[in-house]
file entry_11.cif (mmCIF, C-alpha atoms and all ligand atoms)
data_input
#
loop_
_atom_site.label_atom_id
_atom_site.label_comp_id
_atom_site.auth_asym_id
_atom_site.auth_seq_id
_atom_site.Cartn_x
_atom_site.Cartn_y
_atom_site.Cartn_z
CA MET K 1 37.43 184.01 39.25
CA SER K 2 34.15 184.19 37.40
CA ARG K 3 33.47 180.49 37.12
CA VAL K 4 34.57 179.66 40.66
CA LEU K 5 32.73 182.62 42.10
CA ALA K 6 29.61 181.84 40.16
CA THR K 7 29.34 178.33 41.51
CA THR K 8 30.66 178.50 45.05
CA PRO K 9 29.15 181.27 47.14
CA VAL K 10 31.19 182.26 50.17
CA VAL K 11 29.32 181.35 53.33
CA GLY K 12 32.05 182.28 55.76
CA PRO K 13 35.74 181.53 56.26
CA LYS K 14 36.67 178.15 54.78
CA ALA K 15 39.02 175.58 56.27
CA LEU K 16 42.61 176.77 56.34
CA PRO K 17 45.41 174.52 55.11
CA GLU K 18 47.05 172.56 57.88
CA GLY K 19 49.66 174.37 59.90
CA LEU K 20 48.08 177.81 59.63
CA ASP K 21 46.69 179.41 62.77
CA PRO K 22 43.30 180.98 62.02
CA GLU K 23 43.73 183.31 64.98
CA ARG K 24 46.91 184.83 63.59
CA LEU K 25 46.12 185.56 59.99
CA PRO K 26 47.10 188.98 58.67
CA ARG K 27 44.06 191.25 58.60
CA HIS K 28 45.42 193.06 55.58
CA ILE K 29 47.85 191.78 52.94
CA ALA K 30 49.60 194.07 50.47
CA VAL K 31 51.22 192.62 47.38
CA ILE K 32 53.73 193.83 44.80
CA MET K 33 53.00 191.60 41.82
CA ASP K 34 56.36 191.45 40.12
CA GLY K 35 57.82 189.20 37.45
CA ASN K 36 55.10 189.09 34.80
CA GLY K 37 57.54 190.10 32.06
CA ARG K 38 60.13 187.54 33.11
CA TRP K 39 57.47 184.82 33.32
CA ALA K 40 56.50 185.54 29.71
CA LYS K 41 60.11 185.82 28.52
CA SER K 42 60.99 182.46 30.03
CA ARG K 43 58.26 180.97 27.83
CA SER K 44 59.24 182.97 24.73
CA LEU K 45 55.91 184.82 24.94
CA PRO K 46 55.32 188.56 24.58
CA ARG K 47 55.56 190.42 27.92
CA VAL K 48 51.86 191.25 27.88
CA MET K 49 50.99 187.56 28.13
CA GLY K 50 52.64 187.69 31.54
CA HIS K 51 50.22 190.44 32.57
CA ARG K 52 47.27 188.41 31.33
CA GLU K 53 48.42 185.45 33.40
CA GLY K 54 49.09 187.86 36.28
CA VAL K 55 45.39 188.67 36.38
CA GLU K 56 44.67 184.96 36.91
CA ALA K 57 47.13 184.91 39.81
CA LEU K 58 45.45 187.95 41.36
CA LYS K 59 42.02 186.37 41.07
CA ARG K 60 43.38 183.22 42.71
CA MET K 61 44.89 185.26 45.54
CA LEU K 62 41.70 187.26 46.10
CA ARG K 63 39.65 184.07 46.20
CA LEU K 64 41.98 182.46 48.76
CA CYS K 65 42.16 185.56 50.97
CA SER K 66 38.38 185.89 50.86
CA ASP K 67 37.88 182.19 51.65
CA TRP K 68 40.28 182.27 54.56
CA GLY K 69 38.92 185.44 56.15
CA VAL K 70 41.69 187.94 55.38
CA GLY K 71 39.98 191.32 55.70
CA ALA K 72 41.77 193.29 52.99
CA LEU K 73 43.99 192.74 49.97
CA THR K 74 45.81 195.65 48.37
CA ALA K 75 47.59 195.01 45.07
CA TYR K 76 50.03 197.26 43.19
CA ALA K 77 48.66 197.09 39.66
CA PHE K 78 50.14 200.21 38.04
CA SER K 79 52.58 202.68 39.52
CA THR K 80 53.06 206.36 38.66
CA GLU K 81 56.37 205.25 37.11
CA ASN K 82 54.78 202.57 34.91
CA TRP K 83 53.78 205.23 32.32
CA ASN K 84 57.46 205.10 31.28
CA ARG K 85 56.97 201.62 29.80
CA PRO K 86 56.59 201.24 26.03
CA GLY K 87 53.30 202.77 24.85
CA GLU K 88 52.03 199.44 23.59
CA GLU K 89 52.45 197.80 26.98
CA VAL K 90 50.73 200.71 28.77
CA SER K 91 47.77 200.53 26.34
CA PHE K 92 47.57 196.79 26.79
CA LEU K 93 47.45 197.17 30.57
CA MET K 94 44.72 199.85 30.42
CA THR K 95 42.63 197.68 28.12
CA LEU K 96 43.28 194.66 30.33
CA PHE K 97 42.10 196.53 33.44
CA GLU K 98 38.92 197.59 31.61
CA ARG K 99 38.17 194.10 30.36
CA VAL K 100 38.86 192.42 33.69
CA LEU K 101 36.71 194.89 35.57
CA ALA K 102 33.82 194.66 33.12
CA ARG K 103 33.99 190.87 33.09
CA GLU K 104 34.40 190.25 36.82
CA LEU K 105 32.31 192.98 38.41
CA GLU K 106 29.11 191.01 38.70
CA ALA K 107 30.82 188.04 40.38
CA LEU K 108 32.84 190.31 42.68
CA ASP K 109 29.68 192.06 43.78
CA ARG K 110 27.84 188.79 44.29
CA GLU K 111 30.72 187.60 46.47
CA GLN K 112 30.43 190.75 48.59
CA VAL K 113 33.88 192.02 47.60
CA ARG K 114 34.29 195.77 48.17
CA ILE K 115 36.55 197.07 45.42
CA ARG K 116 38.35 200.39 45.36
CA PHE K 117 41.01 201.79 43.04
CA LEU K 118 43.64 203.79 44.88
CA GLY K 119 45.76 206.42 43.16
CA ASP K 120 45.35 209.43 40.89
CA LEU K 121 42.77 208.08 38.50
CA SER K 122 42.43 211.28 36.43
CA PRO K 123 44.96 210.32 33.68
CA LEU K 124 43.33 206.92 33.08
CA PRO K 125 41.27 206.41 29.90
CA PRO K 126 37.74 207.82 30.41
CA GLY K 127 36.11 204.42 29.82
CA LEU K 128 38.23 202.87 32.57
CA GLN K 129 37.47 205.78 34.91
CA GLN K 130 33.76 205.23 34.34
CA LEU K 131 34.02 201.49 35.02
CA ILE K 132 36.00 202.19 38.18
CA ALA K 133 33.40 204.70 39.39
CA ASP K 134 30.60 202.21 38.71
CA ALA K 135 32.42 199.31 40.38
CA THR K 136 33.30 201.39 43.43
CA ALA K 137 29.74 202.64 43.87
CA ARG K 138 28.17 199.26 43.22
CA THR K 139 30.31 197.42 45.78
CA ALA K 140 30.71 200.21 48.38
CA ALA K 141 28.30 198.67 50.87
CA ASN K 142 29.53 195.09 50.43
CA THR K 143 30.53 193.30 53.61
CA GLY K 144 33.26 190.94 52.34
CA ILE K 145 36.95 191.40 51.69
CA HIS K 146 38.23 194.88 50.84
CA PHE K 147 40.03 194.63 47.50
CA ASN K 148 42.18 197.67 46.75
CA VAL K 149 43.77 197.96 43.32
CA CYS K 150 46.53 200.57 43.33
CA THR K 151 46.40 202.16 39.90
CA ASN K 152 48.54 205.13 38.90
CA TYR K 153 49.59 204.95 42.51
CA GLY K 154 52.79 206.36 44.01
CA SER K 155 53.30 206.66 47.72
CA ARG K 156 55.30 209.89 47.65
CA ALA K 157 52.65 211.56 45.50
CA GLU K 158 50.02 210.29 47.95
CA LEU K 159 51.91 211.82 50.89
CA VAL K 160 52.42 215.13 49.07
CA ARG K 161 48.71 215.27 48.28
CA ALA K 162 47.87 214.58 51.93
CA ALA K 163 50.30 217.25 53.18
CA ARG K 164 48.88 219.77 50.72
CA SER K 165 45.33 219.03 51.77
CA LEU K 166 46.15 219.51 55.46
CA ALA K 167 48.07 222.72 54.67
CA GLU K 168 45.10 224.06 52.70
CA ARG K 169 42.76 223.34 55.59
CA ALA K 170 45.16 225.08 57.96
CA ALA K 171 45.47 228.07 55.62
CA ARG K 172 41.67 228.37 55.53
CA GLY K 173 41.67 228.43 59.32
CA GLU K 174 39.81 225.12 59.57
CA LEU K 175 42.66 223.25 61.20
CA ASP K 176 45.19 224.17 63.87
CA PRO K 177 48.59 222.92 62.60
CA SER K 178 49.43 221.69 66.09
CA ALA K 179 46.42 219.34 65.84
CA ILE K 180 47.97 217.48 62.90
CA ASP K 181 48.83 213.97 64.07
CA GLU K 182 49.25 210.51 62.54
CA ALA K 183 45.52 209.85 62.49
CA LEU K 184 44.77 213.07 60.61
CA LEU K 185 47.48 212.39 58.04
CA SER K 186 46.33 208.78 57.59
CA ALA K 187 42.81 210.03 56.95
CA GLU K 188 44.08 212.01 53.94
CA LEU K 189 45.69 208.99 52.27
CA HIS K 190 44.02 206.92 49.53
CA THR K 191 43.87 204.09 52.07
CA ALA K 192 41.79 206.13 54.57
CA GLY K 193 39.67 203.85 56.70
CA GLU K 194 41.75 200.74 55.98
CA LEU K 195 43.90 199.08 58.63
CA ASP K 196 47.62 199.20 57.82
CA PRO K 197 48.86 196.05 56.07
CA ASP K 198 50.27 193.40 58.40
CA LEU K 199 52.10 191.60 55.61
CA LEU K 200 53.73 192.74 52.37
CA ILE K 201 54.41 190.07 49.77
CA ARG K 202 56.75 190.83 46.86
CA THR K 203 57.30 188.28 44.15
CA SER K 204 60.21 187.63 41.78
CA GLY K 205 62.93 188.14 44.36
CA GLU K 206 63.28 191.93 44.14
CA GLN K 207 64.05 193.42 47.55
CA ARG K 208 62.51 196.87 47.16
CA ILE K 209 59.41 198.76 48.31
CA SER K 210 59.18 200.68 44.99
CA ASN K 211 57.21 203.67 46.26
CA PHE K 212 54.38 201.46 47.56
CA LEU K 213 52.46 202.33 50.75
CA LEU K 214 55.53 203.91 52.41
CA TRP K 215 53.52 205.24 55.36
CA GLN K 216 51.16 202.30 55.72
CA LEU K 217 53.88 199.62 55.70
CA ALA K 218 55.69 201.08 58.72
CA TYR K 219 55.28 197.90 60.79
CA ALA K 220 54.40 195.34 58.12
CA GLU K 221 56.25 192.05 57.96
CA LEU K 222 57.96 191.56 54.59
CA HIS K 223 57.85 188.31 52.64
CA ILE K 224 59.94 188.22 49.48
CA THR K 225 59.68 185.16 47.30
CA ASP K 226 61.48 184.17 44.11
CA VAL K 227 58.18 182.91 42.66
CA LEU K 228 57.20 185.01 39.62
CA TRP K 229 53.79 186.62 40.04
CA PRO K 230 51.90 184.53 37.43
CA ASP K 231 53.08 181.40 39.26
CA PHE K 232 51.95 182.66 42.68
CA ASP K 233 49.50 180.00 43.83
CA GLN K 234 47.99 178.54 46.99
CA GLU K 235 51.28 176.90 47.96
CA ALA K 236 53.12 180.21 47.64
CA LEU K 237 50.48 182.02 49.69
CA VAL K 238 50.59 179.38 52.41
CA ALA K 239 54.40 179.74 52.51
CA ALA K 240 54.00 183.50 52.93
CA LEU K 241 51.44 183.06 55.71
CA LEU K 242 53.58 180.49 57.53
CA ASP K 243 56.53 182.86 57.28
CA TYR K 244 54.34 185.65 58.69
CA GLN K 245 53.04 183.50 61.52
CA GLY K 246 56.62 182.61 62.46
CA ARG K 247 57.49 186.26 63.07
CA GLN K 248 57.38 188.04 66.41
CA ARG K 249 55.76 191.40 65.84
CA ARG K 250 57.09 194.00 68.22
CA PHE K 251 55.96 197.32 66.73
CA GLY K 252 59.14 198.94 68.02
CA GLY K 253 58.69 197.57 71.54
CA VAL K 254 60.12 194.49 73.21
CA THR K 255 58.74 190.99 73.26
CA SER K 256 57.02 189.99 76.45
CA LEU K 257 59.30 187.62 78.31
CA PRO K 258 57.86 184.33 79.57
C1 LIG U 301 54.79 193.87 37.01
O1 LIG U 301 55.41 192.82 36.28
C2 LIG U 301 53.36 193.72 37.19
C3 LIG U 301 52.43 194.64 36.79
C4 LIG U 301 52.75 195.86 36.01
C5 LIG U 301 51.03 194.42 37.25
C6 LIG U 301 50.02 194.16 36.15
C7 LIG U 301 48.67 194.10 36.73
C8 LIG U 301 47.95 192.96 36.98
C9 LIG U 301 48.46 191.64 36.68
C10 LIG U 301 46.62 192.99 37.68
C11 LIG U 301 45.50 193.79 37.08
C12 LIG U 301 44.29 193.63 37.89
C13 LIG U 301 43.08 194.25 37.87
C14 LIG U 301 42.06 193.88 38.86
C15 LIG U 301 42.67 195.31 36.95
P1 LIG U 301 56.64 193.29 35.40
O2 LIG U 301 56.12 193.68 34.05
O3 LIG U 301 57.36 194.41 36.11
O4 LIG U 301 57.52 192.02 35.34
P2 LIG U 301 59.12 192.01 35.11
O5 LIG U 301 59.73 192.67 36.31
O6 LIG U 301 59.43 190.56 35.02
O7 LIG U 301 59.40 192.77 33.84
#
call {"tool": "encode", "arguments": {"input": "entry_11.cif", "output": "structure tokens", "more": "lines below"}}
Ligand code: FPP
result
Amino acid sequence: MSRVLATTPVVGPKALPEGLDPERLPRHIAVIMDGNGRWAKSRSLPRVMGHREGVEALKRMLRLCSDWGVGALTAYAFSTENWNRPGEEVSFLMTLFERVLARELEALDREQVRIRFLGDLSPLPPGLQQLIADATARTAANTGIHFNVCTNYGSRAELVRAARSLAERAARGELDPSAIDEALLSAELHTAGELDPDLLIRTSGEQRISNFLLWQLAYAELHITDVLWPDFDQEALVAALLDYQGRQRRFGGVTSLP
């Protein structure tokens, strides 16, 4: 992103590719970036090269979403289960996150991106935690796209944490249990303050949610593509958006009849 961001300041939503309706873009896109390992394997490269290329795909996606006026992008970068990968791969990913953040922060800030890392950040390497804290604080007041990077994120853990927090407030007498509703629970999630995603994209053909945003995706439209994440480009994003715009969203109700 750095070179593109450095030379082309965003001055407002840019022209959408033909066929896309600017009035019906998702306000929030969530993405499960899958297939980095397979992308590398298919080129006889080490798996980690797939992750490196995956960062390029994420930068491309963020740039496009920002240009086209999508309000928020939430990406699943590292799940609570990903610690079970070989130690070398986990270390590579942690170092990659640090390097990417250090390298891109200035351009992200200049482009008015508001970045947040969602998940339990306490087990991350201290240097990465510091960078995350700095990046979050530096971009907190930015007015552009909300970029959420789910890191050591697991949706069940997030829900347990939220339930515990509400129970603790109730036990302290600060909250009447009968007052607990969807809004109060949502406000305890890592995504507090963010609209629920309208669209979930998962790459590499896997048809699973994988413990990602279980609460927040309640009414999201799902787009699953066989494209491997490092190959996810403008054409693939346009295909996802066209698919989304072809759906009738009913939120559990019925469609209005003509
Ligand atoms: C899964 O592919 C993908 C990941 C573990 C995500 C890696 C993270 C990034 C590319 C983005 C990092 C971004 C920032 C801003 C720090 P996989 O290894 O499961 O692929 P496979 O299913 O083919 O093995």
call {"tool": "atom_distance", "arguments": {"input": "entry_11.cif", "atom1": "atom O7 of ligand LIG 301 (chain U)", "atom2": "atom CA of Glu88 of chain K"}}
result
14.3 Å
call {"tool": "closest_residue", "arguments": {"input": "entry_11.cif", "among": "K:Ala72, K:Ala137, K:Val48, K:Leu64", "to": "Leu93 of chain K", "atoms": "all atoms listed in the file"}}
result
K:Val48
call {"tool": "residues_near_ligand", "arguments": {"input": "entry_11.cif", "ligand": "ligand LIG 301 (chain U)", "cutoff": "6 Å", "atoms": "only C-alpha atoms and all ligand atoms", "output": "PyMOL selection string"}}
result
chain K and resi 33-38+51+54-55+77-78+97+100
call {"tool": "residues_around", "arguments": {"input": "entry_11.cif", "residues": "Cys65 of chain K", "least_positions_apart": "2", "cutoff": "10 Å", "atoms": "only C-alpha atoms", "output": "list in words"}}
result
Pro13, Lys14, Leu25, Pro26, Arg27, His28, Ile29, Lys59, Arg60, Met61, Leu62, Arg63, Asp67, Trp68, Gly69, Val70, Gly71, Ala72, Leu73, Ile145, Phe147, Gln234 and Leu237 of chain K
call {"tool": "closest_residue", "arguments": {"input": "entry_11.cif", "among": "K:Arg47, K:Arg156, K:His223, K:Arg202", "to": "Ala75 of chain K", "atoms": "only C-alpha atoms"}}
result
K:Arg202
call {"tool": "decode", "arguments": {"input": "entry_11.cif", "residues": "segment 185-205 of chain K", "atoms": "N, CA and C atoms", "output": "PDB file, in the first residue's frame"}}
result
ATOM      1  N   LEU K 185     -25.132  -6.583  25.151  1.00  0.00           N
ATOM      2  CA  LEU K 185     -24.148  -7.630  24.869  1.00  0.00           C
ATOM      3  C   LEU K 185     -23.202  -7.194  23.746  1.00  0.00           C
ATOM      4  N   SER K 186     -23.779  -6.606  22.692  1.00  0.00           N
ATOM      5  CA  SER K 186     -22.941  -6.124  21.572  1.00  0.00           C
ATOM      6  C   SER K 186     -21.880  -5.148  22.058  1.00  0.00           C
ATOM      7  N   ALA K 187     -22.260  -4.321  23.024  1.00  0.00           N
ATOM      8  CA  ALA K 187     -21.340  -3.287  23.511  1.00  0.00           C
ATOM      9  C   ALA K 187     -20.169  -3.880  24.280  1.00  0.00           C
ATOM     10  N   GLU K 188     -20.265  -5.156  24.658  1.00  0.00           N
ATOM     11  CA  GLU K 188     -19.154  -5.811  25.371  1.00  0.00           C
ATOM     12  C   GLU K 188     -18.226  -6.558  24.425  1.00  0.00           C
ATOM     13  N   LEU K 189     -18.583  -6.615  23.140  1.00  0.00           N
ATOM     14  CA  LEU K 189     -17.760  -7.369  22.189  1.00  0.00           C
ATOM     15  C   LEU K 189     -16.592  -6.510  21.711  1.00  0.00           C
ATOM     16  N   HIS K 190     -15.563  -7.168  21.151  1.00  0.00           N
ATOM     17  CA  HIS K 190     -14.411  -6.404  20.628  1.00  0.00           C
ATOM     18  C   HIS K 190     -14.861  -5.419  19.551  1.00  0.00           C
ATOM     19  N   THR K 191     -15.951  -5.754  18.871  1.00  0.00           N
ATOM     20  CA  THR K 191     -16.422  -4.937  17.751  1.00  0.00           C
ATOM     21  C   THR K 191     -17.328  -3.793  18.190  1.00  0.00           C
ATOM     22  N   ALA K 192     -17.410  -3.537  19.500  1.00  0.00           N
ATOM     23  CA  ALA K 192     -18.330  -2.508  20.018  1.00  0.00           C
ATOM     24  C   ALA K 192     -18.231  -1.229  19.192  1.00  0.00           C
ATOM     25  N   GLY K 193     -19.370  -0.701  18.819  1.00  0.00           N
ATOM     26  CA  GLY K 193     -19.389   0.559  18.079  1.00  0.00           C
ATOM     27  C   GLY K 193     -19.361   0.375  16.573  1.00  0.00           C
ATOM     28  N   GLU K 194     -19.096  -0.827  16.117  1.00  0.00           N
ATOM     29  CA  GLU K 194     -19.023  -1.100  14.672  1.00  0.00           C
ATOM     30  C   GLU K 194     -20.377  -1.666  14.220  1.00  0.00           C
ATOM     31  N   LEU K 195     -20.819  -1.291  13.040  1.00  0.00           N
ATOM     32  CA  LEU K 195     -22.018  -1.928  12.491  1.00  0.00           C
ATOM     33  C   LEU K 195     -21.702  -3.398  12.231  1.00  0.00           C
ATOM     34  N   ASP K 196     -22.714  -4.253  12.272  1.00  0.00           N
ATOM     35  CA  ASP K 196     -22.476  -5.659  11.931  1.00  0.00           C
ATOM     36  C   ASP K 196     -22.083  -5.769  10.461  1.00  0.00           C
ATOM     37  N   PRO K 197     -21.222  -6.738  10.111  1.00  0.00           N
ATOM     38  CA  PRO K 197     -20.869  -6.888   8.691  1.00  0.00           C
ATOM     39  C   PRO K 197     -22.102  -7.220   7.848  1.00  0.00           C
ATOM     40  N   ASP K 198     -22.150  -6.639   6.658  1.00  0.00           N
ATOM     41  CA  ASP K 198     -23.208  -6.968   5.700  1.00  0.00           C
ATOM     42  C   ASP K 198     -22.798  -8.156   4.845  1.00  0.00           C
ATOM     43  N   LEU K 199     -21.495  -8.299   4.670  1.00  0.00           N
ATOM     44  CA  LEU K 199     -20.973  -9.306   3.737  1.00  0.00           C
ATOM     45  C   LEU K 199     -19.769  -9.991   4.371  1.00  0.00           C
ATOM     46  N   LEU K 200     -19.774 -11.335   4.322  1.00  0.00           N
ATOM     47  CA  LEU K 200     -18.584 -12.107   4.701  1.00  0.00           C
ATOM     48  C   LEU K 200     -18.021 -12.755   3.451  1.00  0.00           C
ATOM     49  N   ILE K 201     -16.744 -12.523   3.213  1.00  0.00           N
ATOM     50  CA  ILE K 201     -16.055 -13.177   2.098  1.00  0.00           C
ATOM     51  C   ILE K 201     -15.108 -14.214   2.683  1.00  0.00           C
ATOM     52  N   ARG K 202     -15.163 -15.447   2.165  1.00  0.00           N
ATOM     53  CA  ARG K 202     -14.162 -16.448   2.541  1.00  0.00           C
ATOM     54  C   ARG K 202     -13.530 -16.986   1.277  1.00  0.00           C
ATOM     55  N   THR K 203     -12.219 -16.987   1.276  1.00  0.00           N
ATOM     56  CA  THR K 203     -11.502 -17.453   0.083  1.00  0.00           C
ATOM     57  C   THR K 203     -11.122 -18.923   0.224  1.00  0.00           C
ATOM     58  N   SER K 204     -10.688 -19.487  -0.865  1.00  0.00           N
ATOM     59  CA  SER K 204     -10.138 -20.843  -0.996  1.00  0.00           C
ATOM     60  C   SER K 204     -11.182 -21.945  -0.883  1.00  0.00           C
ATOM     61  N   GLY K 205     -12.450 -21.571  -0.996  1.00  0.00           N
ATOM     62  CA  GLY K 205     -13.502 -22.581  -1.161  1.00  0.00           C
ATOM     63  C   GLY K 205     -13.998 -23.245   0.109  1.00  0.00           C
TER      64      GLY K 205
END
